[in-house]
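One structure is given here, and the rest of the page talks about it.
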Amino acid sequence: MQLSSNVYEVTDIGAVQELYHSNGWTDGLPVVPPTREAVEACLEWAMLSPDQLIGIEPVRAMPVTAEKLAINAVMAGCLPMHFPVVVTAMTAMLDEKFLLHGATASTGGCAVFIVINGPIRLEIGASGGFNALGNSDRATAVIGRAIRLALINILDVRPGEIDRSTIGHPGKFTYCVGEDEEDTTWLPLAEMRGMPPGASSVTVMAAGAPRQIMNEWTTDPREILETFAAEMRANLRHYSLHAGNYAIIIPKQLREHIQAAGWSKADIAAFIHERARIPRREWADVGKGAVVRDRGDSIYPALESPEHLLVVAAGGPAGGFGAVIPPWLGHKSQAVTVAIGACVDCEPPKG
Amino acid sequence: MRFAVLDPTNERSAPLGQLAPRPGSLRGKTVGFISNGKEGTKGFFAHLDRMLREEFGVAQVVSRTKSNYSAPADGWIVGEIANWDMVVTGIGD
């Protein structure tokens, strides 16, 4: 296998860390040394040649090759079996609808929220259980981190360079979850978004920090979901009035009440779509009266349509804690779902 | 233990467009402004407009605003650039 990256000879593991930190090649945490052997193992696992083009970031015309992505995946701690998920996440992010440059350069400081669906979750141990949005497992930790390191190193998304985030959020270290498909009757997110049943898929969304909610005092789906909708209304007030993709994380304890009442993900989305909206005049209540002007009675929904809500089953088995994950900024960036192993620009097979 | 490790960066710069020839003087020229539409651009471009006309003799200032401040300028705006002698843009945050 012919790799083309520059090679640096260093004396020990400490020198590796200093080399990478001093060049601005890390997220501030130690990295796994990206040796030729480790990088080649990732490429072989994913059956990709080093020069395979994963895609081109269109605004700055910057290519992302399999070799460079694998180097960053190894640095993040990925094993070869994690690499196809990293490749698919990057493929999805390079879809024009994602607006990768805008999302990663913005002062808004969003991160790339990644949801893994399908059998690959079980193969790599991507958990949607305890601590789902935190340090739940090795796979989601390193996959999310690989995407951040790839942005930093391949596309120059370093703080103060391309990344102009004012404050950012902790999801910029890693922000990845495997949906808990086994412990719900609902369809997986990827299937709701058009992927074939049983396919392993990755969904990416340019996302703000999770906003945690709690409601352990009802079994009524409407009341449970009203709490989620209220948090979305709060985001409309405190952050942005623009409608876009929102994700909601519903844990097992709350899922069981909602499922027992016969509600599907589509029912949830229809309810939230109706409830998560505010009149513009509410901006005056939170110190933003200067921009209400004569549009106080205009209604601003969080979702343009119910399909824009990403409903994800995840979280530990006990506790009425859920989360709303808001969009970076309205629908400027759209969530994208791609099946693992799918070639988006291959010629269809002949005959 | 010695390590041979690989460079994680793109090892290439973003391709840059070709710079147009520099105008010798601003007098009588047409200047285009491309604003990203953020609040801060209004005062900045209004001041620059006045300065270019009053102090540098610019004949005309054409102001255009992008429909999405996070994305490249709309095609119809880019299409107009050929009619201008120079263009000024800024993030205005």
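Each chain in the structure tokens gets a letter, A, B and so on, in the order shown; residues start at 1 in every chain, and ligands are counted from 1 in the order they appear.
Residue-level contacts from chain A to chain B at 7 Å, counting only C-alpha atoms, read Ser5, Asn6, Val7, Tyr8, Glu9, Val10, Thr11, Asp12, Pro33, Pro34, Thr35, Arg36, Arg60, Ala61, Met62, Lys68, Ile71, Asn72, Gly102, Asn153 and Ile154 of chain A.
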Check range 216-252 of chain A with DSSP on the backbone and list each residue it calls alpha helix (DSSP H), as a VMD selection string.
chain A and resid 221 to 238 252
Residues of chain B in strand (DSSP E or B) according to DSSP, as a list in words?
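Answer for chain B, restricted to strand (DSSP E or B): Phe3, Ala4, Val5, Leu6, Thr30, Val31, Gly32, Phe33, Ile34, Ser35, Gln60, Val61, Val62, Ser63, Arg64, Thr65, Met86, Val87, Val88, Thr89 and Gly90 of chain B.
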Non-local contacts of range 184-191 of chain A (9 Å; only C-alpha atoms; under 5 positions in same chain excluded) as a ChimeraX atom specification
/A:115-118,179,196-203,252,255-256,259,263-265,310-313,337-339
Any idea what's packed within 12 Å of Tyr246 in chain A, counting only C-alpha atoms, ignoring anything in its chain fewer than 4 positions away? Could you give it as a compact mmCIF listing (two decimals) with C-alpha atoms, in the first residue's frame?
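Okay, this is what ended up in around_2.txt:
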# COMPACT_ATOMS: atom_id res chain seq x y z
CA PHE A 113 -23.81 15.25 16.07
CA VAL A 204 -25.00 13.77 10.83
CA MET A 205 -26.47 17.03 12.06
CA ALA A 206 -24.82 20.40 12.72
CA ALA A 207 -25.87 20.77 16.32
CA GLY A 208 -25.75 22.90 19.39
CA ALA A 209 -25.16 21.49 22.86
CA PRO A 210 -27.76 19.11 24.31
CA ARG A 211 -30.41 20.75 26.50
CA PHE A 228 -39.49 18.47 25.14
CA ALA A 229 -41.53 21.03 23.17
CA GLU A 231 -37.32 23.15 25.80
CA MET A 232 -37.49 23.73 22.06
CA ARG A 233 -39.56 26.86 22.65
CA ASN A 235 -34.27 27.49 22.35
CA LEU A 236 -36.40 29.55 19.95
CA HIS A 242 -35.18 29.87 12.73
CA ALA A 269 -42.95 14.40 15.50
CA ILE A 272 -43.84 18.36 18.65
CA HIS A 273 -44.24 20.13 15.31
CA ALA A 276 -42.80 23.80 19.50
CA PRO A 301 -42.20 27.00 14.48
CA ALA A 302 -39.09 25.07 15.50
CA LEU A 303 -39.79 22.58 12.72
CA GLU A 304 -40.93 23.49 9.21
CA SER A 305 -42.44 20.01 9.00
CA PRO A 306 -42.61 17.00 11.35
CA GLU A 307 -40.01 15.13 9.26
CA HIS A 308 -37.39 17.63 10.37
CA LEU A 309 -37.44 16.17 13.89
CA LEU A 310 -34.85 13.43 14.53
CA VAL A 311 -36.31 11.17 17.21
CA VAL A 312 -33.60 9.00 18.80
CA ALA A 323 -32.49 15.90 25.71
CA VAL A 324 -33.24 18.35 22.95
CA ILE A 325 -30.40 18.86 20.51
CA PRO A 326 -30.96 22.10 18.61
CA PRO A 327 -29.71 22.97 15.15
CA TRP A 328 -26.67 25.13 14.57
CA LEU A 329 -28.78 27.80 12.87
CA GLY A 330 -32.15 27.01 11.31
CA HIS A 331 -32.07 25.05 8.10
CA SER A 333 -27.38 23.06 7.38
CA GLN A 334 -29.60 20.03 6.88
CA ALA A 335 -29.17 16.67 8.57
Which one is closest to Leu3 in chain A: A:Ser106, A:Thr219, A:Thr65, A:Thr88? Count only C-alpha atoms.
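Smallest separation from Leu3 in chain A among the options: A:Thr65.
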Separation of CA of Gly168 in chain A from CA of Asp156 in chain A, in Å and rounded to one decimal
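That distance, rounded to one decimal, is 16.2 Å.
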For CA of Tyr20 in chain A and CA of Thr174 in chain A, quote the distance in Å rounded to one decimal.
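According to the coordinates, CA of Tyr20 in chain A and CA of Thr174 in chain A are separated by 18.8 Å.
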Which residues, written as a PyMOL selection string, have at least one atom at most 12 Å from Glu44 in chain A, with only C-alpha atoms counted and residues fewer than 3 positions away on the same chain left out?
chain A and resi 1+36-41+47-50+66-67+70+79-81+83-84
Output file for the selection above: N, CA and C atoms, as a PDB file, in the first residue's frame:
ATOM      1  N   MET A   1       0.852  -1.200   0.000  1.00  0.00           N
ATOM      2  CA  MET A   1       0.000   0.000   0.000  1.00  0.00           C
ATOM      3  C   MET A   1       0.886   1.249   0.000  1.00  0.00           C
ATOM      4  N   ARG A  36       2.301   3.916  10.093  1.00  0.00           N
ATOM      5  CA  ARG A  36       1.919   3.344   8.802  1.00  0.00           C
ATOM      6  C   ARG A  36       1.064   2.085   8.977  1.00  0.00           C
ATOM      7  N   GLU A  37       1.490   1.220   9.911  1.00  0.00           N
ATOM      8  CA  GLU A  37       0.783  -0.046  10.095  1.00  0.00           C
ATOM      9  C   GLU A  37      -0.662   0.180  10.545  1.00  0.00           C
ATOM     10  N   ALA A  38      -0.843   1.084  11.492  1.00  0.00           N
ATOM     11  CA  ALA A  38      -2.192   1.333  12.027  1.00  0.00           C
ATOM     12  C   ALA A  38      -3.093   1.959  10.969  1.00  0.00           C
ATOM     13  N   VAL A  39      -2.521   2.869  10.182  1.00  0.00           N
ATOM     14  CA  VAL A  39      -3.307   3.546   9.153  1.00  0.00           C
ATOM     15  C   VAL A  39      -3.675   2.558   8.040  1.00  0.00           C
ATOM     16  N   GLU A  40      -2.714   1.729   7.658  1.00  0.00           N
ATOM     17  CA  GLU A  40      -3.000   0.743   6.609  1.00  0.00           C
ATOM     18  C   GLU A  40      -4.064  -0.253   7.070  1.00  0.00           C
ATOM     19  N   ALA A  41      -4.062  -0.591   8.344  1.00  0.00           N
ATOM     20  CA  ALA A  41      -5.065  -1.538   8.855  1.00  0.00           C
ATOM     21  C   ALA A  41      -6.478  -0.960   8.716  1.00  0.00           C
ATOM     22  N   MET A  47     -11.555  -1.420   2.944  1.00  0.00           N
ATOM     23  CA  MET A  47     -11.305  -1.715   1.526  1.00  0.00           C
ATOM     24  C   MET A  47     -11.192  -0.424   0.703  1.00  0.00           C
ATOM     25  N   LEU A  48     -10.398   0.488   1.215  1.00  0.00           N
ATOM     26  CA  LEU A  48     -10.192   1.763   0.524  1.00  0.00           C
ATOM     27  C   LEU A  48      -8.718   1.928   0.197  1.00  0.00           C
ATOM     28  N   SER A  49      -8.438   2.433  -0.997  1.00  0.00           N
ATOM     29  CA  SER A  49      -7.044   2.754  -1.318  1.00  0.00           C
ATOM     30  C   SER A  49      -6.725   4.101  -0.672  1.00  0.00           C
ATOM     31  N   PRO A  50      -5.452   4.351  -0.374  1.00  0.00           N
ATOM     32  CA  PRO A  50      -5.097   5.598   0.322  1.00  0.00           C
ATOM     33  C   PRO A  50      -5.567   6.846  -0.423  1.00  0.00           C
ATOM     34  N   ALA A  66      -8.975   9.094   1.756  1.00  0.00           N
ATOM     35  CA  ALA A  66      -9.095   8.008   2.736  1.00  0.00           C
ATOM     36  C   ALA A  66      -7.852   7.961   3.626  1.00  0.00           C
ATOM     37  N   GLU A  67      -6.673   8.193   3.056  1.00  0.00           N
ATOM     38  CA  GLU A  67      -5.443   8.140   3.851  1.00  0.00           C
ATOM     39  C   GLU A  67      -5.455   9.181   4.962  1.00  0.00           C
ATOM     40  N   ALA A  70      -7.952   8.298   7.608  1.00  0.00           N
ATOM     41  CA  ALA A  70      -7.516   7.168   8.437  1.00  0.00           C
ATOM     42  C   ALA A  70      -6.453   7.605   9.449  1.00  0.00           C
ATOM     43  N   LEU A  79     -10.160   1.880  16.128  1.00  0.00           N
ATOM     44  CA  LEU A  79      -9.703   0.598  15.625  1.00  0.00           C
ATOM     45  C   LEU A  79     -10.174   0.494  14.177  1.00  0.00           C
ATOM     46  N   PRO A  80      -9.596  -0.421  13.406  1.00  0.00           N
ATOM     47  CA  PRO A  80     -10.039  -0.554  12.007  1.00  0.00           C
ATOM     48  C   PRO A  80     -11.555  -0.706  11.872  1.00  0.00           C
ATOM     49  N   MET A  81     -12.186  -1.437  12.789  1.00  0.00           N
ATOM     50  CA  MET A  81     -13.635  -1.666  12.646  1.00  0.00           C
ATOM     51  C   MET A  81     -14.462  -0.386  12.818  1.00  0.00           C
ATOM     52  N   PHE A  83     -13.523   2.480  11.453  1.00  0.00           N
ATOM     53  CA  PHE A  83     -13.208   3.407  10.359  1.00  0.00           C
ATOM     54  C   PHE A  83     -14.342   3.549   9.328  1.00  0.00           C
ATOM     55  N   PRO A  84     -15.058   2.465   8.971  1.00  0.00           N
ATOM     56  CA  PRO A  84     -16.156   2.673   7.994  1.00  0.00           C
ATOM     57  C   PRO A  84     -17.207   3.671   8.496  1.00  0.00           C
TER      58      PRO A  84
END
Selection near Leu149 in chain A, 8 Å with only C-alpha atoms, sequence-local residues under 4 positions removed, as a PyMOL selection string:
chain A and resi 25-27+72-73+75-76+145+153
Set the distance at 9 Å and use only C-alpha atoms: which residues neighbour range 162-164 of chain A once local chain neighbours fewer than 6 positions away are removed? I'd like the list as a list in words.
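Once the adjacent positions are removed, what remains is His101, Thr104, Ala105, Ser106, Thr107, Gly108, Gly109, Ile152, Leu155 and Asp156 of chain A.
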One decimal, in Å: what's the spacing between CA of Met195 in chain A and CA of Met93 in chain A?
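CA of Met93 in chain A lies at a distance of 16.8 Å from CA of Met195 in chain A.
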